[in-house]
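Enquirer: File name final-v3.txt; file contents compact mmCIF, C-alpha atoms; full text below.
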```txt
# COMPACT_ATOMS: atom_id res chain seq x y z
CA MET A 1397 -15.49 1.49 -6.87
CA PHE A 1398 -16.30 1.75 -3.16
CA PHE A 1399 -12.71 2.60 -2.19
CA SER A 1400 -12.43 5.17 -4.98
CA LEU A 1401 -15.62 6.89 -3.81
CA ASN A 1402 -14.51 6.71 -0.18
CA ARG A 1403 -11.21 8.34 -1.07
CA LYS A 1404 -12.96 11.18 -2.91
CA ILE A 1405 -15.24 11.79 0.07
CA ALA A 1406 -12.24 11.88 2.40
CA LEU A 1407 -10.52 14.38 0.11
CA LEU A 1408 -13.53 16.70 0.03
CA LEU A 1409 -14.15 16.56 3.77
CA SER A 1410 -10.51 17.18 4.63
CA PHE A 1411 -9.65 19.67 1.92
CA PRO A 1412 -10.16 22.80 4.08
CA LEU A 1413 -7.65 21.42 6.59
CA SER A 1414 -5.24 20.60 3.78
CA ILE A 1415 -5.44 24.20 2.57
CA PHE A 1416 -4.83 25.47 6.09
CA PHE A 1417 -1.83 23.13 6.56
CA ASN A 1418 -0.18 24.21 3.30
CA PHE A 1419 -0.50 27.93 3.94
CA TYR A 1420 0.48 27.52 7.58
CA TYR A 1421 3.79 25.77 6.83
CA LEU A 1422 4.81 26.56 3.26
CA PRO A 1423 5.77 29.76 1.42
CA PHE A 1424 2.95 31.21 -0.66
CA ARG A 1425 4.45 30.20 -4.02
CA GLN A 1426 4.32 26.56 -2.91
CA ALA A 1427 1.20 26.65 -0.76
CA ILE A 1428 -0.95 28.02 -3.58
CA LYS A 1429 -0.43 24.73 -5.45
CA ILE A 1430 -1.64 22.66 -2.46
CA PRO A 1431 1.17 20.07 -2.69
CA ILE A 1432 0.21 18.43 0.63
CA ILE A 1433 -3.12 16.62 0.90
CA LEU A 1434 -4.31 15.35 4.29
CA TYR A 1435 -7.03 12.73 4.73
CA TYR A 1436 -8.94 12.92 8.03
CA PRO A 1437 -6.05 14.67 9.79
CA ARG A 1438 -5.69 15.02 13.55
CA PHE A 1439 -3.42 17.86 14.68
CA TYR A 1440 -1.81 17.55 18.11
CA ALA A 1441 0.91 20.21 17.65
CA LEU A 1442 1.51 22.63 14.79
CA LYS A 1443 4.92 24.03 15.59
CA GLY A 1444 8.29 23.68 13.89
CA LYS A 1445 8.86 23.92 10.14
CA VAL A 1446 8.04 22.02 6.94
CA TYR A 1447 10.05 22.32 3.73
CA ILE A 1448 9.56 20.87 0.26
CA THR A 1449 12.89 21.01 -1.57
CA SER A 1450 11.80 19.42 -4.85
CA SER A 1451 12.37 21.55 -7.95
CA THR A 1452 8.86 20.62 -9.11
CA ILE A 1453 5.86 21.43 -6.91
CA LYS A 1454 2.59 19.75 -7.87
CA PHE A 1455 -0.89 19.44 -6.42
CA GLY A 1456 -1.12 16.46 -4.07
CA MET A 1457 2.49 15.33 -4.47
CA ILE A 1458 2.52 14.54 -0.74
CA ARG A 1459 -0.48 12.63 0.62
CA MET A 1460 -0.97 11.68 4.25
CA GLY A 1461 -3.60 9.26 5.52
CA LEU A 1462 -4.42 7.72 2.15
CA PHE A 1463 -5.74 4.17 1.57
CA ASN A 1464 -8.39 4.06 4.29
CA SER A 1465 -8.69 0.52 5.61
CA PRO A 1466 -12.16 -0.47 6.89
CA ILE A 1467 -10.86 -3.98 7.55
CA LEU A 1468 -8.20 -2.72 9.97
CA GLN A 1469 -10.35 0.17 11.23
CA LYS A 1470 -7.64 2.68 10.42
CA LYS A 1471 -8.02 6.04 8.74
CA GLY A 1472 -6.43 9.44 8.52
CA VAL A 1473 -3.12 10.77 9.78
CA SER A 1474 -1.97 12.13 13.15
CA TRP A 1475 0.46 15.06 13.06
CA MET A 1476 2.46 16.31 16.03
CA ASN A 1477 5.31 18.72 15.39
CA GLU A 1478 6.43 20.19 18.69
CA GLY A 1479 9.28 22.24 17.26
CA GLY A 1480 11.47 20.31 14.82
CA THR A 1481 11.82 20.35 11.04
CA VAL A 1482 10.31 18.06 8.39
CA ILE A 1483 11.86 18.00 4.91
CA PHE A 1484 10.30 16.43 1.82
CA ARG A 1485 12.71 15.90 -1.09
CA GLY A 1486 9.90 14.93 -3.47
CA THR A 1487 6.73 12.88 -3.60
CA ALA A 1488 5.47 10.94 -0.59
CA CYS A 1489 2.45 8.86 0.38
CA PHE A 1490 1.52 7.81 3.93
CA GLY A 1491 -1.18 5.20 4.50
CA ALA A 1492 -4.17 5.50 6.81
CA GLY A 1493 -3.48 5.34 10.53
CA SER A 1494 -0.02 6.89 10.19
CA VAL A 1495 1.52 8.95 12.98
CA ILE A 1496 4.19 11.59 12.34
CA LYS A 1497 5.68 13.00 15.53
CA ILE A 1498 8.58 15.45 15.80
CA GLY A 1499 9.71 16.37 19.29
CA SER A 1500 10.34 19.76 20.85
CA ASN A 1501 14.10 19.69 20.13
CA GLN A 1502 14.49 22.52 17.61
CA ARG A 1503 17.43 20.66 16.05
CA ALA A 1504 15.30 17.60 15.32
CA VAL A 1505 15.10 16.88 11.57
CA LEU A 1506 12.90 14.31 9.84
CA GLU A 1507 13.79 13.96 6.16
CA PHE A 1508 11.97 12.01 3.45
CA GLY A 1509 13.72 11.26 0.18
CA ASN A 1510 11.87 11.37 -3.13
CA ASN A 1511 9.14 8.81 -3.80
CA PHE A 1512 8.50 7.63 -0.24
CA GLY A 1513 5.63 5.18 0.18
CA ASN A 1514 3.85 3.40 3.03
CA ALA A 1515 0.84 1.08 2.88
CA ILE A 1516 -0.87 1.38 6.28
CA ALA A 1517 0.07 2.92 9.62
CA VAL A 1518 3.70 3.97 9.69
CA ASN A 1519 4.64 5.43 13.08
CA ILE A 1520 7.60 7.84 13.09
CA ASP A 1521 8.92 9.44 16.27
CA CYS A 1522 11.74 11.89 15.53
CA ASN A 1523 13.49 13.76 18.31
CA TYR A 1524 17.00 14.03 16.83
CA SER A 1525 17.56 12.93 13.22
CA ILE A 1526 15.81 10.46 10.91
CA ILE A 1527 16.78 10.40 7.23
CA LEU A 1528 14.90 8.20 4.76
CA GLY A 1529 16.46 7.77 1.33
CA ASN A 1530 14.86 7.83 -2.10
CA ASN A 1531 12.31 5.18 -3.13
CA VAL A 1532 11.86 3.83 0.40
CA ARG A 1533 8.82 1.56 0.87
CA MET A 1534 7.28 0.42 4.14
CA GLY A 1535 4.64 -2.17 4.93
CA TRP A 1536 1.90 -2.15 7.55
CA ASP A 1537 2.48 -1.07 11.15
CA THR A 1538 6.13 -0.08 10.90
CA ILE A 1539 7.74 1.91 13.74
CA ILE A 1540 10.79 4.17 13.40
CA MET A 1541 12.27 6.05 16.35
CA ASP A 1542 15.56 7.82 17.01
CA SER A 1543 15.17 8.17 20.77
CA ALA A 1544 14.26 5.91 23.66
CA MET A 1545 12.80 8.96 25.43
CA HIS A 1546 14.75 7.95 28.53
CA ARG A 1547 18.25 6.87 29.61
CA LEU A 1548 19.37 3.75 31.40
CA LYS A 1549 21.76 3.69 34.33
CA THR A 1550 24.25 1.13 35.53
CA SER A 1551 23.93 -0.37 39.01
CA ASN A 1552 26.36 2.23 40.36
CA GLY A 1553 24.22 5.11 39.13
CA ASN A 1554 26.11 6.17 35.99
CA TYR A 1555 24.33 6.74 32.71
CA THR A 1556 24.92 4.27 29.90
CA GLY A 1557 24.38 5.53 26.38
CA ARG A 1558 22.89 8.81 25.19
CA GLY A 1559 19.35 7.52 24.78
CA TYR A 1560 19.20 8.73 21.17
CA GLU A 1561 21.06 8.20 17.88
CA LYS A 1562 20.65 9.17 14.24
CA VAL A 1563 18.67 6.85 11.95
CA VAL A 1564 19.58 6.60 8.25
CA ILE A 1565 17.60 4.39 5.85
CA GLY A 1566 19.29 3.90 2.47
CA ASP A 1567 17.81 4.35 -0.99
CA ASP A 1568 15.50 1.67 -2.42
CA ASN A 1569 14.89 -0.01 0.93
CA TRP A 1570 11.82 -2.17 1.51
CA ILE A 1571 10.95 -2.32 5.21
CA THR A 1572 8.11 -4.82 5.36
CA THR A 1573 5.18 -5.30 7.74
CA LYS A 1574 5.48 -4.87 11.51
CA CYS A 1575 9.17 -3.94 11.58
CA ILE A 1576 10.72 -1.79 14.30
CA VAL A 1577 13.65 0.55 13.62
CA LEU A 1578 15.48 1.73 16.74
CA PRO A 1579 17.97 4.58 17.37
CA GLY A 1580 21.32 4.23 15.62
CA VAL A 1581 20.10 2.09 12.74
CA LYS A 1582 21.74 2.64 9.35
CA THR A 1583 21.04 0.49 6.30
CA PRO A 1584 22.72 0.11 2.90
CA ASN A 1585 20.96 0.94 -0.35
CA LYS A 1586 18.70 -1.62 -2.02
CA CYS A 1587 18.02 -3.87 0.94
CA VAL A 1588 14.99 -5.75 2.27
CA ILE A 1589 13.93 -6.02 5.92
CA ALA A 1590 11.81 -9.12 6.53
CA THR A 1591 8.46 -9.03 8.33
CA ASN A 1592 8.52 -8.67 12.14
CA SER A 1593 12.21 -7.76 12.23
CA LEU A 1594 13.83 -5.56 14.87
CA LEU A 1595 16.65 -3.35 13.61
CA ASN A 1596 18.89 -2.11 16.43
CA LYS A 1597 22.36 -1.27 15.03
CA ASP A 1598 24.39 0.07 12.13
CA TYR A 1599 24.08 -2.31 9.14
CA SER A 1600 25.63 0.04 6.59
CA ASN A 1601 28.85 -1.98 6.28
CA TYR A 1602 26.92 -4.81 4.65
CA PRO A 1603 26.69 -4.78 0.84
CA GLU A 1604 23.78 -3.50 -1.19
CA TYR A 1605 21.09 -6.00 -2.20
CA SER A 1606 21.06 -7.52 1.28
CA LEU A 1607 18.24 -9.25 3.18
CA PHE A 1608 17.99 -8.73 6.95
CA ALA A 1609 15.65 -10.65 9.24
CA GLY A 1610 15.08 -11.56 12.87
CA ILE A 1611 14.89 -10.16 16.40
CA PRO A 1612 17.36 -8.57 16.44
CA ALA A 1613 17.81 -8.46 12.66
CA LYS A 1614 20.79 -10.26 11.16
CA HIS A 1615 22.21 -10.37 7.67
CA ILE A 1616 20.70 -13.37 5.86
CA LYS A 1617 21.98 -13.13 2.29
CA THR A 1618 22.86 -10.81 -0.58
CA GLY A 1619 21.60 -10.55 -4.15
CA ILE A 1620 17.98 -9.61 -3.41
CA TRP A 1621 15.90 -6.41 -3.47
CA ARG A 1622 12.50 -5.01 -4.39
CA ASP A 1623 12.25 -3.12 -7.68
CA ILE A 1624 9.22 -0.89 -7.13
CA ASN A 1625 8.95 -0.32 -10.88
CA ASP A 1626 8.66 -4.03 -11.66
CA ASN A 1627 7.14 -5.98 -8.77
CA ASN A 1628 3.78 -7.27 -10.01
CA ILE A 1629 2.57 -10.71 -8.98
CA LYS A 1630 0.74 -12.90 -11.52
CA TYR A 1631 -1.67 -15.23 -9.78
CA GLU A 1632 -2.23 -18.32 -11.92
```
Written as structure tokens, how would this file's structure read?

Expert:
Amino acid sequence: MFFSLNRKIALLLSFPLSIFFNFYYLPFRQAIKIPIILYYPRFYALKGKVYITSSTIKFGMIRMGLFNSPILQKKGVSWMNEGGTVIFRGTACFGAGSVIKIGSNQRAVLEFGNNFGNAIAVNIDCNYSIILGNNVRMGWDTIIMDSAMHRLKTSNGNYTGRGYEKVVIGDDNWITTKCIVLPGVKTPNKCVIATNSLLNKDYSNYPEYSLFAGIPAKHIKTGIWRDINDNNIKYE
């Protein structure tokens, strides 16, 4: 009851900013339906573009900063788009304490597939290209970045690596609590990333239904995934 009331209060207090955000970024025919709801938003940069490509536009289909967490002292969402593009393919829900940052590179694209979901505090830093597939789920305090924001040099002064690479997360992935996804990561569909794992390479050659774990993450086994439509736990 308390959390339901708290959520309603957050919606009412933040609704004027949600209206502003929708009409600022979206075409009128979409904005009038208020498809994006923000809870206690903090705006650090309002540049770039936002697109919703779903054939169906509904009120509140994209929610940012939901599930306020008094226990973790996290609430709201931080938004910083310095010039890139954000694309929503369908519904999405970002938990409280989330940070969405798109750098000043006008070619930077952050794309969310349909039915994206995060519990608490996902941190996304996109400066080049991050693509999240359909039905992706993330646990608490997950970090995804496609750039190191700097470049390393060898001892003779030559650069090593570009400092950025595309990130592609497959459909039906479950990236659990406190995982870090670094530039160049690609994952197959229907895979699970264990808690506290560090992904730092292309894993897409592994089969679907794979479990990855460790620092850095390694392939552990196949034949496992999370079905978000049938994942209830019965405590007996």

Enquirer: Between CA of Ile1516 (chain A) and CA of Ser1494 (chain A), what is the spacing in Å?

Expert: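 Result for CA of Ser1494 (chain A) versus CA of Ile1516 (chain A): 6.8 Å, one decimal.
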
Enquirer: Please identify all polymer residues lying at most 10 Å from the point (16.7, -13.0, 10.7) (file coordinates), using all atoms listed in the file, and present the result as JSON, numbers by chain.

Expert: {"A": [1589, 1590, 1591, 1592, 1593, 1594, 1607, 1608, 1609, 1610, 1611, 1612, 1613, 1614, 1615, 1616, 1617]}

Enquirer: Take the residues that were just selected and, keeping C-alpha atoms, output them as a PDB file, keeping the file's coordinate frame.

Expert:
```
ATOM      1  CA  ILE A1589      13.930  -6.020   5.920  1.00  0.00           C
ATOM      2  CA  ALA A1590      11.810  -9.120   6.530  1.00  0.00           C
ATOM      3  CA  THR A1591       8.460  -9.030   8.330  1.00  0.00           C
ATOM      4  CA  ASN A1592       8.520  -8.670  12.140  1.00  0.00           C
ATOM      5  CA  SER A1593      12.210  -7.760  12.230  1.00  0.00           C
ATOM      6  CA  LEU A1594      13.830  -5.560  14.870  1.00  0.00           C
ATOM      7  CA  LEU A1607      18.240  -9.250   3.180  1.00  0.00           C
ATOM      8  CA  PHE A1608      17.990  -8.730   6.950  1.00  0.00           C
ATOM      9  CA  ALA A1609      15.650 -10.650   9.240  1.00  0.00           C
ATOM     10  CA  GLY A1610      15.080 -11.560  12.870  1.00  0.00           C
ATOM     11  CA  ILE A1611      14.890 -10.160  16.400  1.00  0.00           C
ATOM     12  CA  PRO A1612      17.360  -8.570  16.440  1.00  0.00           C
ATOM     13  CA  ALA A1613      17.810  -8.460  12.660  1.00  0.00           C
ATOM     14  CA  LYS A1614      20.790 -10.260  11.160  1.00  0.00           C
ATOM     15  CA  HIS A1615      22.210 -10.370   7.670  1.00  0.00           C
ATOM     16  CA  ILE A1616      20.700 -13.370   5.860  1.00  0.00           C
ATOM     17  CA  LYS A1617      21.980 -13.130   2.290  1.00  0.00           C
TER      18      LYS A1617
END
```

Enquirer: When you draw a straight line from CA of Leu1422 (chain A) to CA of Arg1459 (chain A), how long is it in Å?

Expert: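 Interatomic distance here is 15.1 Å.
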
Enquirer: How many Å lie between CA of Ser1543 (chain A) and CA of Tyr1555 (chain A), rounded to one decimal?

Expert: 15.1 Å

Enquirer: Please provide the set of residues having any atom within 8 Å of region 1438-1454 of chain A, restricted to all atoms listed in the file, with same-chain residues fewer than 5 positions apart removed, written as a PyMOL selection string.

Expert: chain A and resi 1421-1422+1426+1429-1431+1472-1486+1502

Enquirer: Find the spatial neighbours of Gly1513 (chain A), counting all atoms listed in the file, within a cut-off of 12 Å - ignore same-chain residues fewer than 4 positions away - and output them as a count of residues only.

Expert: 35

Enquirer: Need to verify the contact set: Lys1597 (chain A), 10 Å, all atoms listed in the file, exclusion of same-chain residues closer than 2 positions in sequence. Can you return it as a PyMOL selection string?

Expert: chain A and resi 1561+1563+1577-1583+1594-1595+1599-1600+1612-1614

Enquirer: Go ahead and save the residues from that selection, with C-alpha atoms, as a CSV table (one decimal), keeping the file's coordinate frame.

Expert:
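And here is the file that came out, selection23.csv:
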```
chain,number,residue,atom,x,y,z
A,1561,GLU,CA,21.1,8.2,17.9
A,1563,VAL,CA,18.7,6.8,12.0
A,1577,VAL,CA,13.6,0.6,13.6
A,1578,LEU,CA,15.5,1.7,16.7
A,1579,PRO,CA,18.0,4.6,17.4
A,1580,GLY,CA,21.3,4.2,15.6
A,1581,VAL,CA,20.1,2.1,12.7
A,1582,LYS,CA,21.7,2.6,9.4
A,1583,THR,CA,21.0,0.5,6.3
A,1594,LEU,CA,13.8,-5.6,14.9
A,1595,LEU,CA,16.6,-3.4,13.6
A,1599,TYR,CA,24.1,-2.3,9.1
A,1600,SER,CA,25.6,0.0,6.6
A,1612,PRO,CA,17.4,-8.6,16.4
A,1613,ALA,CA,17.8,-8.5,12.7
A,1614,LYS,CA,20.8,-10.3,11.2
```

Enquirer: With distances taken over only C-alpha atoms, which of A:Gly1619, A:Lys1470, A:Ile1576, A:Gly1557 is nearest to Asp1521 (chain A)?

Expert: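 The shortest atom-to-atom distance to Asp1521 (chain A) comes from A:Ile1576.
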
Enquirer: Show me that you can extract region 1555-1571 of chain A, keeping C-alpha atoms, and write it as a PDB file, in the first residue's frame.

Expert:
```pdb
ATOM      1  CA  TYR A1555      47.797   4.241 -29.618  1.00  0.00           C
ATOM      2  CA  THR A1556      46.414   0.778 -28.944  1.00  0.00           C
ATOM      3  CA  GLY A1557      42.759   0.223 -29.724  1.00  0.00           C
ATOM      4  CA  ARG A1558      40.078   2.738 -30.669  1.00  0.00           C
ATOM      5  CA  GLY A1559      38.778   3.290 -27.151  1.00  0.00           C
ATOM      6  CA  TYR A1560      35.216   2.468 -28.215  1.00  0.00           C
ATOM      7  CA  GLU A1561      33.275  -0.422 -29.773  1.00  0.00           C
ATOM      8  CA  LYS A1562      29.661  -1.305 -30.491  1.00  0.00           C
ATOM      9  CA  VAL A1563      27.677  -3.174 -27.817  1.00  0.00           C
ATOM     10  CA  VAL A1564      24.925  -5.606 -28.853  1.00  0.00           C
ATOM     11  CA  ILE A1565      22.816  -7.451 -26.253  1.00  0.00           C
ATOM     12  CA  GLY A1566      20.714 -10.275 -27.719  1.00  0.00           C
ATOM     13  CA  ASP A1567      17.013 -10.943 -27.252  1.00  0.00           C
ATOM     14  CA  ASP A1568      15.762 -12.493 -23.997  1.00  0.00           C
ATOM     15  CA  ASN A1569      18.967 -11.777 -22.082  1.00  0.00           C
ATOM     16  CA  TRP A1570      18.987 -11.597 -18.293  1.00  0.00           C
ATOM     17  CA  ILE A1571      21.885  -9.472 -17.050  1.00  0.00           C
TER      18      ILE A1571
END
```
